[in-house]
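Peer 1: Provided below: data-v6.txt, containing compact mmCIF, C-alpha atoms and all ligand atoms.
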```txt
# COMPACT_ATOMS: atom_id res chain seq x y z
CA MET A 523 56.36 162.72 -17.75
CA SER A 524 56.04 163.67 -21.37
CA GLY A 525 57.30 161.14 -23.83
CA MET A 526 57.73 158.42 -21.23
CA PRO A 527 56.38 155.09 -22.35
CA LEU A 528 53.30 154.10 -20.42
CA PRO A 529 53.23 150.80 -18.54
CA GLN A 530 51.59 148.17 -20.71
CA THR A 531 48.35 147.05 -19.15
CA PRO A 532 46.82 143.92 -20.54
CA GLY A 533 43.06 143.93 -20.89
CA LEU A 534 42.61 147.60 -21.75
CA PRO A 535 39.50 148.19 -23.85
CA ASN A 536 39.65 149.68 -27.33
CA LEU A 537 38.85 153.35 -26.94
CA VAL A 538 37.31 155.32 -29.81
CA VAL A 539 36.61 159.05 -29.58
CA ALA A 540 34.44 161.05 -31.99
CA GLN A 541 36.10 164.09 -33.58
CA CYS A 542 33.22 166.26 -32.32
CA VAL A 543 34.10 165.32 -28.73
CA LEU A 544 37.70 166.49 -29.22
CA ASP A 545 36.48 169.71 -30.88
CA LYS A 546 34.09 170.42 -28.01
CA MET A 547 36.85 169.79 -25.46
CA ALA A 548 39.18 172.22 -27.25
CA GLY A 549 36.40 174.83 -27.55
CA ALA A 550 35.49 174.61 -23.86
CA ALA A 551 39.16 174.72 -22.85
CA ARG A 552 39.63 177.89 -24.94
CA ALA A 553 36.54 179.49 -23.41
CA TRP A 554 37.81 178.81 -19.87
CA GLN A 555 41.48 179.68 -20.35
CA ALA A 556 42.53 180.32 -16.78
CA ASP A 557 40.28 177.97 -14.88
CA GLU A 558 39.61 174.31 -14.67
CA THR A 559 36.57 173.22 -16.58
CA GLY A 560 35.14 169.87 -17.49
CA GLU A 561 32.19 167.96 -18.83
CA ALA A 562 30.48 164.59 -18.65
CA LEU A 563 31.18 162.02 -21.37
CA VAL A 564 28.54 159.77 -22.88
CA GLY A 565 28.81 156.88 -25.27
CA LEU A 566 28.56 153.16 -25.78
CA VAL A 567 30.33 150.11 -24.46
CA GLU A 568 30.43 147.22 -26.85
CA PRO A 569 31.21 143.91 -25.11
CA GLY A 570 33.79 142.75 -27.66
CA LEU A 571 31.88 139.90 -29.26
CA HIS A 572 33.79 140.43 -32.52
CA THR A 573 37.11 141.44 -30.99
CA ASN A 574 38.09 138.38 -28.93
CA GLY A 575 36.38 139.71 -25.86
CA VAL A 576 38.25 143.04 -25.87
CA PRO A 577 35.50 145.56 -25.18
CA GLY A 578 35.15 148.74 -27.20
CA ILE A 579 34.34 152.12 -25.64
CA TYR A 580 32.90 154.75 -28.00
CA LEU A 581 32.87 158.34 -26.77
CA LEU A 582 30.05 160.00 -28.70
CA ASP A 583 29.40 163.30 -26.94
CA THR A 584 30.28 165.52 -24.03
CA ILE A 585 27.72 167.37 -21.91
CA ALA A 586 28.55 170.77 -20.47
CA PRO A 587 27.43 171.70 -16.97
CA ASP A 588 25.40 174.90 -16.75
CA ASP A 589 26.88 178.14 -15.48
CA SER A 590 26.36 177.14 -11.88
CA ALA A 591 29.30 174.71 -12.10
CA LEU A 592 32.22 175.89 -10.04
CA ARG A 593 35.05 176.78 -12.36
CA MET A 594 38.19 177.73 -10.45
CA ALA A 595 41.84 176.88 -10.81
CA HIS A 596 42.54 173.42 -9.33
CA THR A 597 38.93 172.79 -8.38
CA PHE A 598 36.31 171.38 -10.54
CA GLN A 599 32.96 170.18 -9.46
CA GLN A 600 30.01 169.44 -11.67
CA GLY A 601 26.93 167.26 -11.76
CA ASP A 602 24.30 170.00 -11.66
CA PRO A 603 20.61 169.26 -12.33
CA HIS A 604 20.80 170.70 -15.86
CA GLN A 605 23.58 168.29 -16.84
CA ASP A 606 21.73 165.36 -15.26
CA GLU A 607 18.55 166.29 -17.12
CA LEU A 608 20.35 166.51 -20.43
CA LEU A 609 22.02 163.15 -19.85
CA TRP A 610 18.66 161.66 -18.95
CA TRP A 611 17.01 163.15 -22.06
CA LEU A 612 19.78 161.84 -24.32
CA GLN A 613 19.41 158.38 -22.79
CA GLU A 614 15.62 158.39 -23.18
CA ASN A 615 15.97 159.58 -26.76
CA TRP A 616 18.55 156.94 -27.54
CA HIS A 617 16.35 154.28 -25.98
CA ALA A 618 13.46 155.40 -28.21
CA ARG A 619 15.69 155.15 -31.29
CA ARG A 620 16.65 151.61 -30.31
CA GLN A 621 13.01 150.69 -29.82
CA ARG A 622 12.11 152.07 -33.26
CA GLY A 623 14.93 150.01 -34.75
CA ASP A 624 16.60 153.16 -36.10
CA LEU A 625 20.11 152.09 -35.20
CA PRO A 626 22.32 149.59 -37.02
CA PRO A 627 22.87 146.43 -34.92
CA LYS A 628 26.42 147.49 -34.15
CA TRP A 629 25.19 150.56 -32.22
CA ASP A 630 22.17 148.91 -30.64
CA LEU A 631 23.62 149.34 -27.13
CA PRO A 632 22.59 151.40 -24.11
CA LEU A 633 23.85 154.98 -24.00
CA ARG A 634 25.95 155.41 -20.89
CA TYR A 635 27.77 157.96 -18.80
CA LEU A 636 31.46 157.05 -19.09
CA GLY A 637 33.30 159.55 -16.91
CA ASP A 638 34.31 163.21 -16.92
CA TRP A 639 37.03 165.06 -18.76
CA HIS A 640 38.58 168.11 -17.20
CA LYS A 641 41.13 170.74 -17.95
CA GLN A 642 44.18 171.02 -15.74
CA PRO A 643 46.53 173.97 -15.49
CA GLY A 644 49.87 174.12 -17.28
CA GLY A 645 51.49 170.82 -18.15
CA MET A 646 49.61 168.62 -15.65
CA THR A 647 48.59 165.87 -18.05
CA ARG A 648 47.92 163.23 -15.35
CA PRO A 649 44.87 163.19 -13.06
CA SER A 650 45.75 164.51 -9.59
CA GLN A 651 45.59 162.51 -6.35
CA GLY A 652 42.34 164.34 -5.62
CA ASP A 653 40.95 163.22 -8.98
CA LEU A 654 41.97 159.64 -8.14
CA ARG A 655 40.21 159.76 -4.76
CA THR A 656 37.04 161.16 -6.37
CA ALA A 657 37.09 158.51 -9.10
CA LYS A 658 37.66 155.65 -6.62
CA ALA A 659 34.84 156.86 -4.39
CA TRP A 660 32.55 156.99 -7.44
CA LEU A 661 33.44 153.43 -8.47
CA ARG A 662 33.05 152.12 -4.89
CA ASP A 663 29.50 153.48 -4.72
CA SER A 664 27.44 150.55 -5.97
CA GLU A 665 24.52 152.87 -6.72
CA ASN A 666 26.49 154.26 -9.65
CA GLY A 667 26.76 150.79 -11.19
CA MET A 668 30.09 151.50 -12.88
CA ASP A 669 33.16 149.27 -12.92
CA PHE A 670 35.36 151.71 -14.81
CA LEU A 671 35.71 155.42 -15.49
CA LEU A 672 37.45 157.49 -18.11
CA ALA A 673 39.14 160.71 -17.01
CA PRO A 674 40.64 162.51 -20.01
CA ILE A 675 42.82 165.47 -19.04
CA VAL A 676 42.78 168.49 -21.33
CA THR A 677 45.73 170.91 -21.26
CA SER A 678 46.47 174.12 -23.14
CA GLN A 679 50.21 174.41 -23.66
CA ARG A 680 52.21 176.79 -25.73
CA GLN A 681 55.07 174.35 -25.91
CA ASP A 682 54.66 170.96 -27.49
CA PRO A 683 54.51 168.50 -24.57
CA GLY A 684 55.86 165.74 -26.81
CA SER A 685 54.10 162.55 -27.63
CA ALA A 686 52.65 159.85 -25.42
CA SER A 687 50.69 156.80 -26.47
CA ASN A 688 47.57 158.08 -24.66
CA ARG A 689 47.85 161.67 -26.00
CA ILE A 690 45.98 163.34 -28.85
CA ARG A 691 46.89 166.82 -30.05
CA VAL A 692 43.63 168.47 -31.03
CA ASP A 693 45.03 171.75 -32.31
CA GLY A 694 48.07 174.01 -31.95
CA GLN A 695 47.71 174.26 -28.20
CA THR A 696 45.20 171.73 -26.93
CA CYS A 697 46.20 168.22 -25.89
CA VAL A 698 44.00 165.48 -24.49
CA ASP A 699 45.53 162.69 -22.44
CA PHE A 700 43.20 159.73 -21.95
CA TRP A 701 43.15 157.94 -18.60
CA TYR A 702 41.23 154.88 -17.51
CA LEU A 703 40.49 153.49 -14.06
CA GLN A 704 38.99 150.10 -13.35
CA ARG A 705 37.44 149.41 -9.96
CA GLN A 706 40.17 147.00 -8.82
CA GLN A 707 43.03 149.20 -10.05
CA ARG A 708 45.24 151.21 -7.72
CA ASP A 709 45.80 154.09 -10.14
CA PHE A 710 44.77 155.48 -13.51
CA THR A 711 46.24 153.87 -16.61
CA GLY A 712 46.97 155.80 -19.78
CA ILE A 713 44.76 154.47 -22.58
CA PRO A 714 45.35 155.13 -26.29
CA ALA A 715 42.37 156.51 -28.18
CA THR A 716 41.51 156.21 -31.87
CA VAL A 717 39.75 159.19 -33.46
CA TYR A 718 36.75 158.50 -35.70
CA GLN A 719 35.25 161.14 -37.96
CA ASP A 720 31.75 162.07 -36.87
CA GLY A 721 30.08 160.34 -39.82
CA GLN A 722 31.53 157.01 -38.71
CA LEU A 723 29.69 157.13 -35.40
CA PRO A 724 26.04 157.73 -34.51
CA GLY A 725 25.29 161.34 -33.48
CA LEU A 726 23.17 162.27 -30.50
CA GLY A 727 21.60 165.41 -31.98
CA ALA A 728 21.20 168.87 -30.53
CA SER A 729 19.90 169.53 -27.03
CA PRO A 730 16.12 169.96 -26.85
CA TRP A 731 14.69 173.46 -26.52
CA HIS A 732 13.60 173.11 -22.88
CA LEU A 733 17.21 172.47 -21.83
CA ARG A 734 18.92 174.68 -24.41
CA GLU A 735 16.69 177.73 -23.92
CA THR A 736 15.86 177.60 -20.24
CA GLN A 737 14.82 181.27 -20.30
CA ARG A 738 12.25 180.57 -22.96
CA LEU A 739 10.94 177.63 -20.93
CA GLU A 740 10.59 179.86 -17.90
CA SER A 741 8.87 182.68 -19.77
CA GLU A 742 6.49 180.26 -21.55
CA PHE A 743 5.45 178.76 -18.21
CA ASP A 744 5.21 182.16 -16.56
CA ARG A 745 2.85 183.33 -19.30
CA LEU A 746 0.75 180.17 -19.01
CA LEU A 747 0.39 180.64 -15.25
CA GLU A 748 -0.42 184.34 -15.70
CA THR A 749 -3.20 183.28 -18.07
CA GLY A 750 -4.58 180.90 -15.45
CA LEU A 751 -3.36 177.75 -17.19
CA ILE A 752 -1.74 175.16 -14.93
CA PRO A 753 0.86 172.88 -16.57
CA SER A 754 1.68 169.32 -15.55
CA PRO A 755 5.31 168.17 -15.25
CA LEU A 756 7.03 167.48 -18.57
CA VAL A 757 6.93 164.05 -20.17
CA PHE A 758 8.99 162.94 -23.16
CA LEU A 759 7.19 160.99 -25.88
CA ASP A 760 7.70 160.03 -29.48
CA LEU A 761 4.64 161.69 -31.03
CA LEU A 762 5.26 164.16 -33.84
CA ASP A 763 7.74 163.20 -36.54
CA HIS A 764 9.28 160.06 -35.03
CA SER A 765 12.86 161.20 -35.22
CA GLU A 766 13.34 162.42 -31.67
CA LEU A 767 11.32 162.58 -28.47
CA ASP A 768 8.93 165.50 -28.06
CA ILE A 769 8.59 167.59 -24.93
CA CYS A 770 5.00 167.24 -23.75
CA PHE A 771 2.73 168.37 -20.95
CA LEU A 772 -0.89 168.76 -20.00
CA LEU A 773 -2.43 172.13 -19.42
CA GLY A 774 -5.64 172.96 -17.62
CA ARG A 775 -7.67 175.72 -16.04
CA PRO A 776 -9.12 175.03 -12.60
CA GLY A 777 -12.78 174.18 -13.02
CA ALA A 778 -12.63 173.71 -16.79
CA GLU A 779 -14.15 170.69 -18.49
CA GLN A 780 -11.21 169.99 -20.73
CA LEU A 781 -7.44 169.84 -20.74
CA PHE A 782 -5.00 170.73 -23.45
CA LEU A 783 -2.38 168.19 -24.51
CA ILE A 784 0.73 169.99 -25.70
CA ALA A 785 3.55 168.37 -27.68
CA THR A 786 6.53 170.55 -28.60
CA PRO A 787 9.23 169.24 -30.94
CA PRO A 788 12.82 169.36 -29.63
CA ASP A 789 13.55 172.32 -31.94
CA TYR A 790 10.50 174.33 -30.85
CA PRO A 791 9.77 177.14 -31.77
CA ALA A 792 11.46 176.54 -35.16
CA HIS A 793 8.73 173.92 -35.61
CA PRO A 794 5.35 174.49 -33.97
CA ALA A 795 3.74 172.78 -31.03
CA GLU A 796 0.78 170.50 -31.63
CA ILE A 797 -2.20 171.04 -29.37
CA ARG A 798 -4.99 168.54 -28.68
CA ILE A 799 -7.92 168.63 -26.33
CA THR A 800 -9.19 166.00 -23.89
CA ALA A 801 -11.60 165.67 -20.95
CA PHE A 802 -10.42 167.04 -17.62
CA MET A 803 -8.41 164.83 -15.27
CA ASP A 804 -6.60 165.48 -12.03
CA LEU A 805 -3.20 167.02 -12.69
CA GLU A 806 -2.15 166.72 -9.05
CA ASP A 807 -1.80 162.98 -9.45
CA ASP A 808 1.28 162.63 -11.63
CA ASN A 809 1.62 158.87 -11.25
CA HIS A 810 1.85 157.27 -14.68
CA LEU A 811 1.60 160.69 -16.31
CA HIS A 812 3.54 159.28 -19.24
CA GLU A 813 1.00 156.55 -19.95
CA ARG A 814 -1.99 158.77 -19.26
CA PHE A 815 -0.72 161.45 -21.63
CA LEU A 816 -0.07 158.92 -24.39
CA GLN A 817 -3.49 157.31 -24.05
CA ARG A 818 -5.29 160.68 -24.13
CA TRP A 819 -3.19 161.87 -27.08
CA ARG A 820 -4.11 158.83 -29.14
CA ASN A 821 -7.79 159.44 -28.54
CA ALA A 822 -7.73 163.16 -29.30
CA GLN A 823 -7.71 165.14 -32.53
CA PRO A 824 -5.28 167.96 -33.32
CA LEU A 825 -7.06 171.24 -32.67
CA VAL A 826 -5.66 173.24 -35.55
CA ALA A 827 -3.38 172.59 -38.44
CA PRO A 828 0.09 173.76 -37.36
CA PRO A 829 0.48 177.39 -38.42
CA GLU A 830 3.10 178.51 -40.90
CA LYS A 831 6.63 178.39 -39.63
CA SER A 832 7.10 182.13 -40.01
CA GLN A 833 4.20 182.91 -37.69
CA VAL A 834 5.39 180.72 -34.89
CA GLY A 835 8.71 182.14 -33.79
CA GLY A 836 7.36 185.19 -31.99
CA ARG A 837 4.34 183.52 -30.43
CA ASN A 838 4.15 181.68 -27.18
CA LEU A 839 1.99 178.78 -26.13
CA ALA A 840 -0.21 180.90 -23.88
CA SER A 841 -1.26 183.19 -26.74
CA GLN A 842 -1.90 180.18 -29.00
CA ILE A 843 -4.17 178.63 -26.37
CA GLU A 844 -5.98 181.90 -25.79
CA GLU A 845 -6.55 182.23 -29.52
CA LEU A 846 -7.96 178.71 -29.66
CA GLU A 847 -10.27 179.49 -26.76
CA ARG A 848 -11.48 182.69 -28.44
CA ASN A 849 -12.16 181.06 -31.78
CA GLY A 850 -13.55 177.74 -30.64
CA ASP A 851 -16.43 176.74 -28.47
CA LEU A 852 -14.17 175.70 -25.62
CA ARG A 853 -15.80 176.61 -22.38
CA THR A 854 -13.35 177.94 -19.82
CA ALA A 855 -13.59 178.98 -16.21
CA PRO A 856 -12.75 182.53 -15.08
CA VAL A 857 -9.03 183.21 -14.98
CA THR A 858 -7.63 182.50 -11.52
CA VAL A 859 -4.07 181.64 -10.62
CA PRO A 860 -4.00 179.36 -7.58
CA GLN A 861 -1.77 180.25 -4.65
CA GLY A 862 1.68 178.74 -4.69
CA ALA A 863 1.88 177.95 -8.40
CA GLY A 864 5.50 178.32 -9.39
CA PRO A 865 7.13 179.24 -12.69
CA SER A 866 8.97 175.98 -13.24
CA PRO A 867 7.23 173.00 -14.77
CA ARG A 868 8.27 170.86 -11.80
CA ALA A 869 7.02 173.35 -9.25
CA ALA A 870 3.64 173.34 -10.91
CA THR A 871 2.73 169.86 -9.71
ZN ZN B 901 42.41 167.36 -11.94
```
Output the file's structure as structure tokens, nothing else.
Peer 2:
Amino acid sequence: MSGMPLPQTPGLPNLVVAQCVLDKMAGAARAWQADETGEALVGLVEPGLHTNGVPGIYLLDTIAPDDSALRMAHTFQQGDPHQDELLWWLQENWHARRQRGDLPPKWDLPLRYLGDWHKQPGGMTRPSQGDLRTAKAWLRDSENGMDFLLAPIVTSQRQDPGSASNRIRVDGQTCVDFWYLQRQQRDFTGIPATVYQDGQLPGLGASPWHLRETQRLESEFDRLLETGLIPSPLVFLDLLDHSELDICFLLGRPGAEQLFLIATPPDYPAHPAEIRITAFMDLEDDNHLHERFLQRWRNAQPLVAPPEKSQVGGRNLASQIEELERNGDLRTAPVTVPQGAGPSPRAAT
């Protein structure tokens, strides 16, 4: 196939890929030499108002599945909860940036899932028949609300596979072939991609601590539960420095008169959590938790000035709360952990 001209398809969108996406693809392909691997692509679709109706697709980032993804030769399956949560967080965060008016008009578009890239063995630079069936099934499912998918194929080859109009050589051995499938199409079409340097496109930022450091999340919540503090599910709100969403939750002891409102920045513990206090309310009822948290936060005062950065790294939220309880006049009930309280923030509802 290499070097063969691709059939010209009228109506192909303009595809732009960020350099960081190519670098991440090459890095993941190197890390998973023998096996297939792949990730979800996110970016923007611009309707083509300034390009005679030819839409533009901008690939801004790629989201790795967690280690539970099945990585075996010729099989790749992803879509684990961690990946979905990260995609959801990125979309929420992007939405908040749009609402704050932080983005230039050109990029004021919804952040979308745009398809998956995956690595294929040897010189297989085209999606397989299995890939085609999967992609068609995805597009047929109206719940997904997609009328096209991108399916870039990453290959590691010692020998130069030659050039193709839809191929980008990332480094000495990694090639990416870009493929596009529209709902009505019978097969994938090769689509040329233009590389933009990262500064030319908006960045999505690092993953937030609760998704990047899942062990820390688990140990923080374990410690809270051990201390008799029951957390609510997480909510994401723009509270602290108005650059990214903060990871927030309520925290209470059974029988206490007050609740703690906790807001952790996405880079916690590099920057400290802010803790406020409010009157008790039922944590079991997590309807409108988002709105209820925000309303309580606005009417509460920060409990302490955030401690120095150097003191924060080794401390966890449970010990900060206990210290506040010791020093303040917060009345607390005896420490009891209710039956069935789980370690994960979701299990704690
Ligand atoms: Zn494949």
Peer 1: Using all atoms listed in the file, find each protein or nucleic acid residue lying at most 10 Å from ligand ZN 901 (chain B); present the set as number ranges by chain.
Peer 2: A: 558-560, 595-598, 639-643, 646-654, 656, 673-676
Peer 1: Could you tell me how far CA of Val543 in chain A lies from CA of Leu582 in chain A, in Å and to one decimal?
Peer 2: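 Computing the Euclidean distance for CA of Val543 in chain A and CA of Leu582 in chain A yields 6.7 Å.
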Peer 1: Could you state the separation of CA of Ala785 in chain A and CA of Asp624 in chain A in Å, given to one decimal place?
Peer 2: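 Here the two named atoms are 21.7 Å from each other.
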Peer 1: Rounded to one decimal place, report the CA of Gly774 in chain A-CA of Gly750 in chain A distance in Å.
Peer 2: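 Taking CA of Gly774 in chain A and CA of Gly750 in chain A, their separation equals 8.3 Å.
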Peer 1: Would you kindly return, as a VMD selection string, each protein, DNA or RNA residue with an atom no farther than 9 Å from any atom of Ile713 in chain A, considering only C-alpha atoms and excluding same-chain residues fewer than 3 positions away?
Peer 2: chain A and resid 528 531 534 to 537 687 to 689 699 to 702
Peer 1: Neighbouring residues of Phe758 in chain A were defined as those with any atom within 7 Å, considering all atoms listed in the file; residues of the same chain fewer than 4 positions away were excluded. Please report them as a ChimeraX atom specification.
Peer 2: /A:767-770
Peer 1: Looking at only C-alpha atoms, which of A:Leu772, A:Leu571, A:Val692, A:Leu816 is the one that sits closest to Pro755 in chain A?
Peer 2: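 Under the stated criterion, the closest residue is A:Leu772.
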Peer 1: Hey, which of A:Gln704, A:Ser685, A:Gln541, A:Gln719 ends up closest to Lys658 in chain A? Count only C-alpha atoms.
Peer 2: A:Gln704
Peer 1: Which is closest to Trp611 in chain A among A:Ile784, A:Met668, A:Cys542, A:Val757, if we use all atoms listed in the file?
Peer 2: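 Ranked by minimum distance to Trp611 in chain A, first place goes to A:Val757.
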Peer 1: Provide an axis-aligned box for all listed atoms of range 611-628 of chain A, padding each side by 4 Å; report its centre and its edge lengths in Å to one decimal, as lines of an AutoDock Vina configuration file.
Peer 2:
```
center_x = 19.3
center_y = 154.8
center_z = -29.5
size_x = 22.3
size_y = 24.7
size_z = 23.0
```
Peer 1: So that I can check the surroundings of Thr716 in chain A, please list as a PyMOL selection string every protein, DNA and RNA residue that reaches within 9 Å of it, counting all atoms listed in the file and ignoring chain neighbours fewer than 2 positions away.
Peer 2: chain A and resi 536-540+690+714+718
Peer 1: Identify which of the residues A:Gly623, A:Gly575, A:Thr800, A:Leu581 lies closest to Val717 in chain A, counting all atoms listed in the file when measuring atom-to-atom distances.
Peer 2: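 Of the candidates, the smallest distance to Val717 in chain A is held by A:Leu581.
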Peer 1: Check the smallest atom-to-atom distance from each of A:Leu566, A:Leu672, A:Ile579, A:Leu811 to Leu631 in chain A using all atoms listed in the file, then report the winner.
Peer 2: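 Of the candidates, the smallest distance to Leu631 in chain A is held by A:Leu566.
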Peer 1: Kindly indicate which residue among A:Gln722, A:Thr584, A:Gln706, A:Thr677 lies nearest to Ala551 in chain A, using only C-alpha atoms for the distances.
Peer 2: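 Closest residue, counting only C-alpha atoms: A:Thr677.
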Peer 1: With a distance cut-off of 10 Å and only C-alpha atoms, select the neighbouring residues of Gln613 in chain A, excluding the residue or stretch itself and same-chain residues fewer than 4 positions from it, and output the selection as an MDAnalysis selection string.
Peer 2: chainID A and resid 564:565 607:609 617:619 632:635 726
